[in-house]
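This report refers to the structure that appears directly beneath it.
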Amino acid sequence: MVRFHLITVLALSTASLTLANPVDQVALQPEVPVYTTDGWRWEDCGQPTDAIRIERIIVTPDPPQPGKDMTVKVTGEAQSVIEDGAYVDVTVKLGLIKLLQKTFDVCEEARKANATIQCPVQPGKYTVEHTVALPREIPKANFRVDVKGYTAQEDDMVCLNLRVDFMKNPFPRLGW
């Protein structure tokens, strides 16, 4: 269970820095605060001055399914240089119960993953894609993942609130 959370949280919270490739994108749209799909949703809880602004997160399959590979594609913009020392605090909750609270060194995780981009990350638009295997043992429940990131200078870097609903039936017409 902890392995699932660590892998998924890493994929969602550090993907924007670990496997990034610059691309041309449409301008960010901060007036649209919550993005939803059938089994999950995300909200950018950051400020316009944050070092990283997330534009879009696409998860395949949608909704995520236990026992299947999940690909996360994140599009956003680094608005300032991200240097060694940047980190994210991640909290995973099931209702009011805190399942995981951990701090991840963003640059160290990029090095461990042998990512195509390493710190320092230069300002620019990026799209990141990462695939993780979700274990079959994920309980049918609603999970909340809160990600708050900070630069090496302790400035706000990124803020995301994610909700994943594994209670949804991926085959509603089959009556399962």
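Simple scheme: letters A, B, ... for chains in structure tokens order, numbers from 1 for residues in each chain, numbers from 1 for ligands in the order shown.
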
Quick one: residues within 7 Å of region 60-67 of chain A, only C-alpha atoms, excluding same-chain residues fewer than 5 positions away - as a ChimeraX atom specification? /A:38-40,72,134-138

As a PDB file with N, CA, C and O atoms, in the first residue's frame, list the residues of region 65-113 of chain A assigned to helix (DSSP H, G or I) by DSSP on the backbone atoms of this structure.
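Printed below is out-v9.pdb as written:
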```
ATOM      1  N   VAL A 106      12.988  17.147  -4.865  1.00  0.00           N
ATOM      2  CA  VAL A 106      12.613  17.090  -6.277  1.00  0.00           C
ATOM      3  C   VAL A 106      13.811  16.762  -7.164  1.00  0.00           C
ATOM      4  O   VAL A 106      13.728  15.889  -8.034  1.00  0.00           O
ATOM      5  N   CYS A 107      14.920  17.420  -6.936  1.00  0.00           N
ATOM      6  CA  CYS A 107      16.090  17.207  -7.790  1.00  0.00           C
ATOM      7  C   CYS A 107      16.690  15.829  -7.577  1.00  0.00           C
ATOM      8  O   CYS A 107      17.122  15.178  -8.532  1.00  0.00           O
ATOM      9  N   GLU A 108      16.696  15.363  -6.335  1.00  0.00           N
ATOM     10  CA  GLU A 108      17.216  14.025  -6.045  1.00  0.00           C
ATOM     11  C   GLU A 108      16.347  12.955  -6.708  1.00  0.00           C
ATOM     12  O   GLU A 108      16.845  11.976  -7.252  1.00  0.00           O
ATOM     13  N   GLU A 109      15.032  13.137  -6.667  1.00  0.00           N
ATOM     14  CA  GLU A 109      14.130  12.174  -7.321  1.00  0.00           C
ATOM     15  C   GLU A 109      14.372  12.167  -8.826  1.00  0.00           C
ATOM     16  O   GLU A 109      14.327  11.109  -9.461  1.00  0.00           O
ATOM     17  N   ALA A 110      14.645  13.319  -9.412  1.00  0.00           N
ATOM     18  CA  ALA A 110      14.949  13.381 -10.845  1.00  0.00           C
ATOM     19  C   ALA A 110      16.226  12.616 -11.148  1.00  0.00           C
ATOM     20  O   ALA A 110      16.311  11.891 -12.142  1.00  0.00           O
ATOM     21  N   ARG A 111      17.237  12.757 -10.283  1.00  0.00           N
ATOM     22  CA  ARG A 111      18.492  12.022 -10.490  1.00  0.00           C
ATOM     23  C   ARG A 111      18.271  10.516 -10.363  1.00  0.00           C
ATOM     24  O   ARG A 111      18.755   9.738 -11.184  1.00  0.00           O
ATOM     25  N   LYS A 112      17.540  10.094  -9.341  1.00  0.00           N
ATOM     26  CA  LYS A 112      17.264   8.663  -9.126  1.00  0.00           C
ATOM     27  C   LYS A 112      16.533   8.053 -10.321  1.00  0.00           C
ATOM     28  O   LYS A 112      16.756   6.905 -10.666  1.00  0.00           O
TER      29      LYS A 112
END
```

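Going from CA of Ile97 (chain A) to CA of Asp146 (chain A) covers 13.2 Å.
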
Under the rule that only C-alpha atoms are counted, which of A:Leu94, A:Ile52, A:Val132, A:Val59 is the nearest residue to Val81 (chain A)?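 Going through A:Leu94, A:Ile52, A:Val132, A:Val59 one by one, the smallest distance to Val81 (chain A) is for A:Ile52.
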
Can you pull out the residues contacting Ala51 (chain A)? Cut-off 8 Å, using only C-alpha atoms, and skip same-chain residues under 4 positions away; I want them as a PDB file with N, CA and C atoms, in the first residue's frame.
```
ATOM      1  N   ALA A  78       7.508  26.219 -15.839  1.00  0.00           N
ATOM      2  CA  ALA A  78       8.433  26.670 -14.798  1.00  0.00           C
ATOM      3  C   ALA A  78       8.610  28.165 -15.026  1.00  0.00           C
ATOM      4  N   GLN A  79       8.215  28.958 -14.041  1.00  0.00           N
ATOM      5  CA  GLN A  79       8.279  30.417 -14.181  1.00  0.00           C
ATOM      6  C   GLN A  79       9.585  30.991 -13.661  1.00  0.00           C
ATOM      7  N   SER A  80      10.336  30.164 -12.960  1.00  0.00           N
ATOM      8  CA  SER A  80      11.657  30.560 -12.475  1.00  0.00           C
ATOM      9  C   SER A  80      12.526  29.313 -12.406  1.00  0.00           C
ATOM     10  N   VAL A  81      13.815  29.485 -12.191  1.00  0.00           N
ATOM     11  CA  VAL A  81      14.747  28.367 -12.147  1.00  0.00           C
ATOM     12  C   VAL A  81      14.459  27.517 -10.912  1.00  0.00           C
ATOM     13  N   ILE A  82      14.420  26.192 -11.106  1.00  0.00           N
ATOM     14  CA  ILE A  82      14.257  25.243 -10.002  1.00  0.00           C
ATOM     15  C   ILE A  82      15.622  24.625  -9.747  1.00  0.00           C
ATOM     16  N   THR A 151      10.743  26.069  -3.331  1.00  0.00           N
ATOM     17  CA  THR A 151      12.052  26.207  -3.971  1.00  0.00           C
ATOM     18  C   THR A 151      13.144  26.085  -2.914  1.00  0.00           C
ATOM     19  N   ASP A 155      10.601  29.638  -1.290  1.00  0.00           N
ATOM     20  CA  ASP A 155       9.466  30.304  -1.925  1.00  0.00           C
ATOM     21  C   ASP A 155       8.468  29.243  -2.389  1.00  0.00           C
ATOM     22  N   ASP A 156       7.193  29.621  -2.515  1.00  0.00           N
ATOM     23  CA  ASP A 156       6.188  28.684  -3.019  1.00  0.00           C
ATOM     24  C   ASP A 156       6.566  28.251  -4.431  1.00  0.00           C
ATOM     25  N   MET A 157       6.507  26.929  -4.676  1.00  0.00           N
ATOM     26  CA  MET A 157       6.868  26.397  -5.985  1.00  0.00           C
ATOM     27  C   MET A 157       5.642  25.858  -6.711  1.00  0.00           C
ATOM     28  N   VAL A 158       4.818  25.057  -6.019  1.00  0.00           N
ATOM     29  CA  VAL A 158       3.641  24.456  -6.643  1.00  0.00           C
ATOM     30  C   VAL A 158       2.693  24.016  -5.538  1.00  0.00           C
TER      31      VAL A 158
END
```

Point-to-point distance from CA of Thr131 (chain A) to CA of Asn114 (chain A), Å rounded to tenths: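 These two atoms are separated by 14.4 Å.
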
Counting only C-alpha atoms, what is within 12 Å of Leu96 (chain A), bar same-chain residues fewer than 3 positions away, as a CSV table (one decimal) with N, CA, C and O atoms, in the first residue's frame?
```
chain,number,residue,atom,x,y,z
A,91,THR,N,1.0,14.8,1.3
A,91,THR,CA,0.1,14.2,2.3
A,91,THR,C,-1.0,13.4,1.5
A,91,THR,O,-1.6,13.9,0.7
A,92,VAL,N,-1.1,12.1,1.9
A,92,VAL,CA,-2.2,11.2,1.3
A,92,VAL,C,-3.2,10.9,2.5
A,92,VAL,O,-2.7,10.4,3.5
A,93,LYS,N,-4.4,11.2,2.2
A,93,LYS,CA,-5.5,10.9,3.2
A,93,LYS,C,-6.6,10.0,2.7
A,93,LYS,O,-6.9,10.1,1.5
A,99,LEU,N,-2.7,8.7,5.7
A,99,LEU,CA,-2.0,7.5,5.3
A,99,LEU,C,-0.5,7.7,5.1
A,99,LEU,O,0.3,6.8,5.4
A,100,LEU,N,-0.1,8.9,4.6
A,100,LEU,CA,1.3,9.2,4.3
A,100,LEU,C,1.5,10.7,4.4
A,100,LEU,O,0.7,11.4,3.9
A,142,ASN,N,-12.0,6.7,-1.6
A,142,ASN,CA,-11.6,8.0,-2.1
A,142,ASN,C,-10.4,8.5,-1.4
A,142,ASN,O,-10.3,8.6,-0.2
A,143,PHE,N,-9.3,8.8,-2.2
A,143,PHE,CA,-8.1,9.2,-1.7
A,143,PHE,C,-7.9,10.7,-2.0
A,143,PHE,O,-8.3,11.2,-3.0
A,144,ARG,N,-7.3,11.4,-1.0
A,144,ARG,CA,-7.0,12.8,-1.2
A,144,ARG,C,-5.4,13.0,-1.1
A,144,ARG,O,-4.8,12.5,-0.2
A,145,VAL,N,-4.9,13.6,-2.1
A,145,VAL,CA,-3.4,13.8,-2.2
A,145,VAL,C,-3.2,15.3,-2.2
A,145,VAL,O,-3.6,16.0,-3.2
```

Would you please extract all strand (DSSP E) residues from region 16-173 of chain A, as assigned by DSSP on the backbone, and give them as a PyMOL selection string? chain A and resi 21-22+34-36+40-44+52-60+69-78+87-94+97-105+124-133+142-150+156-165

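The space separating CA of Gly85 (chain A) from CA of Asp105 (chain A) comes to 6.7 Å.
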
Can you tell me which residues surround Glu77 (chain A) at a distance of at most 8 Å, considering only C-alpha atoms, apart from same-chain residues fewer than 6 positions away, and format the answer as a ChimeraX atom specification? /A:52-55,123-126

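Each of A:Val128, A:Ile57, A:Ala113, A:Leu160 was checked against Asp89 (chain A) using only C-alpha atoms; the smallest atom-to-atom distance is that of A:Leu160.
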
Counting only C-alpha atoms, the option among A:Arg56, A:Asn161, A:Lys140, A:Thr103 closest to Gly76 (chain A):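 Nearest to Gly76 (chain A): A:Arg56.
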
Point out the residue among A:Thr49, A:Glu129, A:Ala152, A:Trp42 with the least atom-to-atom distance to Met70 (chain A), counting only C-alpha atoms.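 Distance minimum relative to Met70 (chain A) lands on A:Glu129.
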
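Considering the residues A:Glu83, A:His130, A:Val74, A:Val121 and counting only C-alpha atoms, Glu154 (chain A) has its shortest atom-to-atom contact with A:Glu83.
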